[in-house]
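Student: Next comes the structure file start_37.cif, holding mmCIF, C-alpha atoms.
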data_my_file
#
loop_
_atom_site.label_atom_id
_atom_site.label_comp_id
_atom_site.auth_asym_id
_atom_site.auth_seq_id
_atom_site.Cartn_x
_atom_site.Cartn_y
_atom_site.Cartn_z
CA MET A 1 0.00 0.00 0.00
CA ALA A 2 1.60 3.24 -1.12
CA LEU A 3 1.99 6.32 1.04
CA PRO A 4 -0.95 8.73 0.60
CA LEU A 5 -0.48 11.45 -1.94
CA LEU A 6 0.25 14.95 -0.75
CA PRO A 7 -2.97 16.47 0.61
CA THR A 8 -4.83 18.64 -1.86
CA THR A 9 -6.14 20.80 1.00
CA SER A 10 -4.42 22.46 3.93
CA GLN A 11 -5.28 19.52 6.15
CA PRO A 12 -2.34 17.22 6.98
CA GLN A 13 -2.32 13.45 7.17
CA LEU A 14 -2.40 12.51 10.87
CA GLY A 15 -0.17 9.68 12.10
CA LEU A 16 0.02 7.26 15.02
CA CYS A 17 3.40 6.16 16.38
CA VAL A 18 3.49 2.49 17.44
CA MET A 19 6.19 1.35 19.87
CA TYR A 20 4.68 -1.79 21.44
CA PRO A 21 4.32 -5.15 19.62
CA SER A 22 0.55 -5.29 20.13
CA LEU A 23 -1.36 -6.16 16.98
CA GLY A 24 -4.65 -5.92 18.85
CA ALA A 25 -3.96 -2.39 20.06
CA LEU A 26 -3.10 -1.26 16.54
CA GLU A 27 -6.19 -2.95 15.16
CA ARG A 28 -8.31 -1.19 17.78
CA ILE A 29 -7.03 2.39 17.48
CA GLY A 30 -5.17 2.50 14.16
CA THR A 31 -8.24 3.47 12.15
CA ASP A 32 -8.47 6.73 14.11
CA TRP A 33 -5.42 7.83 12.12
CA ASP A 34 -4.42 8.30 8.48
CA TRP A 35 -1.05 6.51 8.61
CA ILE A 36 1.04 4.43 11.00
CA TRP A 37 4.62 5.06 12.13
CA ILE A 38 6.16 1.75 13.27
CA ASP A 39 9.15 2.65 15.42
CA ALA A 40 11.77 -0.09 15.17
CA GLN A 41 14.47 2.34 16.29
CA HIS A 42 13.32 3.26 19.80
CA GLY A 43 10.19 1.14 20.12
CA ASP A 44 10.10 -2.17 21.98
CA LEU A 45 10.18 -4.06 18.67
CA ASP A 46 12.41 -6.52 16.90
CA PHE A 47 12.19 -6.94 13.13
CA ARG A 48 9.64 -9.76 13.19
CA GLU A 49 7.33 -7.77 15.45
CA ALA A 50 7.69 -4.68 13.28
CA ALA A 51 6.90 -6.75 10.18
CA GLU A 52 3.74 -8.11 11.82
CA LEU A 53 2.66 -4.54 12.58
CA VAL A 54 3.00 -3.77 8.87
CA ARG A 55 0.62 -6.68 8.20
CA ALA A 56 -1.81 -5.33 10.80
CA SER A 57 -1.61 -1.87 9.21
CA HIS A 58 -2.54 -3.40 5.86
CA PHE A 59 -5.43 -5.23 7.55
CA ILE A 60 -6.88 -1.94 8.81
CA GLN A 61 -6.07 -0.32 5.45
CA ARG A 62 -3.58 2.24 6.71
CA PRO A 63 -0.15 2.82 5.12
CA ALA A 64 2.76 2.03 7.43
CA LEU A 65 6.18 3.64 7.54
CA MET A 66 8.82 1.71 9.47
CA ARG A 67 11.59 3.63 11.21
CA VAL A 68 14.71 1.53 11.01
CA PRO A 69 17.34 1.69 13.78
CA ALA A 70 20.37 2.63 11.69
CA HIS A 71 21.80 3.49 8.27
CA ASP A 72 21.87 -0.19 7.44
CA ALA A 73 21.15 -1.63 4.00
CA GLY A 74 20.01 -4.92 5.50
CA TRP A 75 17.40 -3.32 7.75
CA ILE A 76 16.19 -0.99 5.02
CA SER A 77 15.87 -3.80 2.49
CA LYS A 78 14.02 -6.07 4.94
CA ALA A 79 11.68 -3.25 5.98
CA LEU A 80 10.75 -2.48 2.38
CA ASP A 81 10.37 -6.19 1.59
CA THR A 82 7.47 -6.29 4.10
CA GLY A 83 5.42 -4.18 1.71
CA ALA A 84 5.59 -1.15 4.00
CA ALA A 85 4.75 2.18 2.41
CA GLY A 86 8.29 3.26 3.11
CA VAL A 87 11.06 3.67 5.64
CA ILE A 88 12.03 6.46 8.00
CA VAL A 89 15.80 6.65 8.54
CA PRO A 90 17.03 8.56 11.62
CA MET A 91 19.98 10.83 12.35
CA ILE A 92 20.87 12.20 8.91
CA GLU A 93 23.83 14.55 9.29
CA SER A 94 25.16 15.06 5.77
CA VAL A 95 24.25 15.14 2.09
CA GLU A 96 26.61 12.20 1.58
CA GLU A 97 24.62 10.10 4.07
CA ALA A 98 21.41 11.01 2.27
CA LYS A 99 22.86 9.92 -1.08
CA ALA A 100 24.03 6.63 0.42
CA LEU A 101 20.54 5.96 1.77
CA VAL A 102 19.00 6.57 -1.65
CA ARG A 103 21.32 3.87 -2.98
CA MET A 104 20.13 1.49 -0.24
CA ALA A 105 16.40 2.17 -0.63
CA LYS A 106 15.92 2.57 -4.38
CA PHE A 107 16.29 0.12 -7.26
CA PRO A 108 18.62 0.73 -10.24
CA PRO A 109 19.25 2.98 -11.98
CA LEU A 110 18.53 5.38 -9.11
CA GLY A 111 19.95 3.16 -6.37
CA ASN A 112 21.24 -0.32 -5.66
CA ARG A 113 18.46 -1.97 -3.65
CA SER A 114 18.51 -5.75 -3.88
CA TYR A 115 15.51 -7.36 -5.56
CA GLY A 116 13.49 -9.95 -3.66
CA GLY A 117 11.20 -10.01 -0.67
CA ARG A 118 8.70 -12.78 -0.21
CA ARG A 119 5.79 -10.67 1.06
CA VAL A 120 6.14 -7.74 -1.32
CA ILE A 121 6.25 -10.12 -4.29
CA ASP A 122 3.22 -12.01 -2.98
CA LEU A 123 1.30 -8.74 -2.62
CA GLN A 124 2.43 -6.85 -5.70
CA GLY A 125 3.86 -9.41 -8.13
CA ARG A 126 7.37 -9.97 -9.43
CA ALA A 127 7.38 -6.69 -11.37
CA TYR A 128 6.96 -4.60 -8.21
CA ASN A 129 10.45 -3.16 -8.70
CA GLN A 130 9.20 -1.26 -11.76
CA THR A 131 7.15 1.08 -9.55
CA ALA A 132 8.85 0.66 -6.15
CA ASN A 133 11.06 3.72 -6.47
CA ARG A 134 7.89 5.80 -6.68
CA ASP A 135 5.66 3.79 -4.34
CA ALA A 136 8.02 2.98 -1.44
CA ALA A 137 8.99 6.23 0.26
CA LEU A 138 12.37 7.13 1.72
CA ILE A 139 11.87 9.60 4.56
CA LEU A 140 15.00 11.07 6.14
CA GLN A 141 14.97 12.35 9.70
CA LEU A 142 16.86 15.58 10.46
CA GLU A 143 17.59 15.86 14.16
CA SER A 144 20.08 18.70 14.64
CA ALA A 145 20.30 22.34 13.65
CA GLU A 146 23.28 21.46 11.44
CA ALA A 147 21.29 18.78 9.61
CA CYS A 148 18.33 21.12 9.15
CA ALA A 149 20.66 23.67 7.55
CA LEU A 150 21.20 21.06 4.80
CA ALA A 151 17.47 20.48 4.27
CA ASP A 152 17.26 22.26 0.94
CA GLU A 153 20.13 20.29 -0.58
CA ILE A 154 18.91 16.97 0.84
CA ALA A 155 15.31 17.58 -0.29
CA SER A 156 16.56 18.29 -3.80
CA LEU A 157 17.98 14.77 -4.17
CA ASP A 158 16.18 12.41 -6.52
CA GLY A 159 15.05 9.45 -4.40
CA VAL A 160 14.50 11.38 -1.17
CA ASP A 161 10.72 11.48 -0.79
CA GLY A 162 10.39 13.48 2.42
CA LEU A 163 12.04 14.99 5.48
CA PHE A 164 11.02 14.41 9.10
CA LEU A 165 12.08 16.83 11.83
CA GLY A 166 13.16 14.83 14.91
CA PRO A 167 12.17 17.14 17.78
CA ASP A 168 13.62 15.45 20.86
CA ASP A 169 17.17 15.04 19.58
CA LEU A 170 16.99 18.55 18.15
CA LEU A 171 16.13 19.98 21.58
CA ILE A 172 18.89 18.03 23.28
CA ARG A 173 21.48 19.17 20.75
CA LYS A 174 20.35 22.78 21.22
CA GLY A 175 20.78 22.46 24.98
CA ILE A 176 17.05 22.67 25.67
CA ASP A 177 15.16 20.45 28.14
CA VAL A 178 13.66 17.58 26.15
CA ASN A 179 10.35 18.14 27.99
CA ALA A 180 10.14 21.78 26.90
CA PRO A 181 7.13 22.69 24.75
CA LYS A 182 7.74 22.01 21.08
CA ASP A 183 6.67 25.36 19.71
CA ALA A 184 7.84 28.29 17.61
CA THR A 185 10.44 29.23 20.22
CA THR A 186 12.10 25.83 20.54
CA ILE A 187 11.76 24.15 17.14
CA GLY A 188 10.08 26.75 14.95
CA LYS A 189 13.16 27.85 13.01
CA GLU A 190 14.20 24.31 12.09
CA LEU A 191 10.69 23.13 11.22
CA ALA A 192 10.23 26.15 8.97
CA ILE A 193 13.47 25.31 7.14
CA VAL A 194 12.43 21.66 6.68
CA THR A 195 8.86 22.37 5.52
CA GLU A 196 10.00 25.07 3.10
CA ALA A 197 12.66 22.78 1.61
CA CYS A 198 10.04 20.07 1.07
CA ARG A 199 7.57 22.53 -0.43
CA LYS A 200 10.21 23.90 -2.79
CA HIS A 201 11.22 20.48 -4.10
CA GLY A 202 7.81 18.79 -4.06
CA LYS A 203 8.66 16.45 -1.17
CA LYS A 204 6.65 15.42 1.91
CA SER A 205 7.26 17.13 5.27
CA PHE A 206 6.82 15.29 8.58
CA CYS A 207 6.73 16.42 12.19
CA VAL A 208 5.47 15.45 15.65
CA ALA A 209 2.71 17.62 17.11
CA ALA A 210 1.05 15.95 20.09
CA ALA A 211 0.35 19.17 22.01
CA GLU A 212 -1.48 22.30 20.94
CA PRO A 213 1.57 24.63 20.55
CA ALA A 214 3.18 22.13 18.20
CA MET A 215 -0.09 21.60 16.34
CA GLN A 216 -0.42 25.35 15.85
CA LEU A 217 3.13 25.53 14.50
CA ALA A 218 2.61 22.57 12.15
CA ARG A 219 -0.58 24.12 10.80
CA GLU A 220 1.00 27.54 10.25
CA LEU A 221 3.97 26.03 8.41
CA GLY A 222 1.86 23.63 6.34
CA CYS A 223 3.45 20.36 7.44
CA ASN A 224 2.03 17.49 5.37
CA PHE A 225 2.28 14.52 7.76
CA VAL A 226 1.81 15.14 11.48
CA VAL A 227 2.25 12.55 14.23
CA GLY A 228 -0.44 13.10 16.86
CA GLY A 229 0.57 10.58 19.51
CA SER A 230 1.71 7.07 20.31
CA ASP A 231 0.31 3.85 21.71
CA VAL A 232 2.58 4.41 24.74
CA GLY A 233 1.23 7.89 25.43
CA PHE A 234 -2.42 6.99 24.94
CA LEU A 235 -2.09 3.95 27.23
CA ALA A 236 -0.28 5.90 29.97
CA GLN A 237 -2.52 8.96 29.91
CA GLY A 238 -5.76 7.02 29.73
CA SER A 239 -4.77 4.76 32.60
CA GLY A 240 -3.41 7.59 34.73
CA ALA A 241 -6.47 9.79 34.27
CA THR A 242 -8.88 6.97 35.11
CA SER A 243 -6.86 5.91 38.15
CA ALA A 244 -6.78 9.47 39.49
CA ARG A 245 -10.51 9.91 38.94
CA MET A 246 -11.34 6.67 40.75
CA ARG A 247 -9.06 7.48 43.69
CA THR A 248 -10.80 10.83 44.08
CA PHE A 249 -14.21 9.17 43.86
CA PHE A 250 -13.50 6.57 46.53
CA CYS A 251 -11.73 9.13 48.75
CA GLU A 252 -9.15 6.71 50.08
CA PRO A 253 -5.53 7.66 50.59
CA HIS A 254 -3.24 5.69 48.32
CA PRO A 255 0.50 5.93 47.79
CA ALA A 256 1.48 7.70 44.63
CA SER A 257 2.49 5.54 41.71
CA SER A 258 6.20 4.87 41.44
CA LYS A 259 6.00 5.26 37.66
CA PRO A 260 6.81 8.63 36.10
CA ALA A 261 3.75 10.63 35.11
CA ALA A 262 2.91 10.69 31.42
CA THR A 263 3.47 14.23 30.23
CA THR A 264 3.05 13.73 26.51
CA LEU A 265 1.14 11.58 24.06
CA TYR A 266 4.35 10.87 22.16
#
Could I get this file's structure written as structure tokens?

Tutor:
Amino acid sequence: MALPLLPTTSQPQLGLCVMYPSLGALERIGTDWDWIWIDAQHGDLDFREAAELVRASHFIQRPALMRVPAHDAGWISKALDTGAAGVIVPMIESVEEAKALVRMAKFPPLGNRSYGGRRVIDLQGRAYNQTANRDAALILQLESAEACALADEIASLDGVDGLFLGPDDLLIRKGIDVNAPKDATTIGKELAIVTEACRKHGKKSFCVAAAEPAMQLARELGCNFVVGGSDVGFLAQGSGATSARMRTFFCEPHPASSKPAATTLY
């Protein structure tokens, strides 16, 4: 299933980040969202579990992008062989890295991706390579101010289909508390650079906007694909809110939970 086309209106495509290997949870809440981000970099997932989540995404008819853990041709090839709509590759720091990733993710003559993949052939037929360079997206994650400064040059590369601003690593590298609001003050400059580069070169722009300040920024800048939360965040916040409400209702003193409070949906 190919990644959705760029929106024809100002409304972005809203995404769910999945970090737990729960097919049932994805089946239950995945249809609330337009696309699924399967996080095999920082999520509690091995490759087999991530691949099964791609299957579940297809079952609920939502395109899935798998974030791979490294700049590794083996991981990228295996992720694309699942029939995922594309891959997200983290920590891009140079134009040279971006070019190398195009070679890993795209078939000749654009790249050097190896042909094969049991599931993608079963789904799309043996000629899938003829359209894969268009249909299977390569999304590169920029996670430092220095990387964002290269956004225009990276977005101009044939084979790079989109750029994703990584907000947490960006904040850390700027010396800002990772729990600070993600808004115009903290990430606005970099997100503007990334979205403008994508707009200029006809590529897709991605960001995380789980809280209202970030949503406002993403809307103002015209980001195309916006992550609204994660299975982790929804589970933690829903459980915490219900627990607090019940403790108030029953008016019994209870020791505070030893788990850190959920402060974000992401």

Student: Give me the residues within 9 Å of segment 218-228 of chain A as a PyMOL selection string, counting all atoms listed in the file and dropping any in the same chain fewer than 3 places off.

Tutor: chain A and resi 6-7+10-17+33+35-37+164+188+191-192+195-196+199+204-211+213-215+265-266

Student: Just say which residues the PyMOL selection byres ((chain A and resi 115) around 9) picks in this file, as a list in words.

Tutor: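 Residues picked by the PyMOL selection byres ((chain A and resi 115) around 9): Ser77, Asp81, Phe107, Arg113, Ser114, Gly116, Gly117 and Asn129 of chain A.
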
Student: Mind telling me what the PyMOL selection byres ((chain A and resi 131-145) around 6) catches here, as a ChimeraX atom specification?

Tutor: /A:2,85-92,106,128-130,146-148,160-166,169-170

Student: Under the rule that only C-alpha atoms are counted, which of A:Val95, A:Ile121, A:Cys251, A:Leu101 is the nearest residue to Val68 of chain A?

Tutor: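 With only C-alpha atoms as the atom set, the closest residue is A:Leu101.
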
Student: Which residues of segment 59-161 of chain A have any atom within 10 Å of an atom in segment 24-32 of chain A when counting all atoms listed in the file, and what is the closest pair of atoms for each, with the distance in Å to one decimal? Order the rows by chain and rising number and write it as JSON lines.

Tutor:
{"residue": "A:Phe59", "atom": "CA", "partner": "A:Glu27", "partner_atom": "CA", "distance": 8.0}
{"residue": "A:Ile60", "atom": "CA", "partner": "A:Glu27", "partner_atom": "CA", "distance": 6.5}
{"residue": "A:Gln61", "atom": "CA", "partner": "A:Thr31", "partner_atom": "CA", "distance": 8.0}
{"residue": "A:Arg62", "atom": "CA", "partner": "A:Thr31", "partner_atom": "CA", "distance": 7.3}

Student: Expanded to explicit residues, what is the PyMOL selection byres ((chain A and resi 82) around 9) for this file, as JSON, numbers by chain?

Tutor: {"A": [51, 52, 54, 55, 77, 78, 79, 80, 81, 83, 84, 117, 118, 119, 120]}

Student: What is the distance between atom CA of Val178 of chain A and atom CA of Leu65 of chain A, in Å to one decimal?

Tutor: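 Atom-to-atom, atom CA of Val178 of chain A to atom CA of Leu65 of chain A, that is 24.4 Å.
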
Student: Could you check how far atom CA of Ala127 of chain A sits from atom CA of Pro108 of chain A, in Å to one decimal?

Tutor: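 Atom CA of Pro108 of chain A lies 13.5 Å from atom CA of Ala127 of chain A.
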
Student: Can you tell me how far atom CA of Asp231 of chain A sits from atom CA of Pro181 of chain A, in Å to one decimal?

Tutor: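 These atoms are spaced 20.3 Å apart.
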
Student: Nearest residue to Asp34 of chain A out of A:Ala244, A:Val18, A:Ala64, A:Phe47, using all atoms listed in the file?

Tutor: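 When distances to Asp34 of chain A are compared using all atoms listed in the file, the smallest one comes from A:Ala64.
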
Student: A:Gln124, A:Thr248, A:Ser156, A:Ser230: which is nearest Tyr20 of chain A, counting all atoms listed in the file?

Tutor: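 For Tyr20 of chain A, the nearest of the candidates is A:Ser230.
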
Student: Between A:Ala105, A:Met19, A:Leu110, A:Ala98, which has the minimum distance to Gly233 of chain A (counting only C-alpha atoms)?

Tutor: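 Comparing A:Ala105, A:Met19, A:Leu110, A:Ala98 against Gly233 of chain A, the winner is A:Met19.
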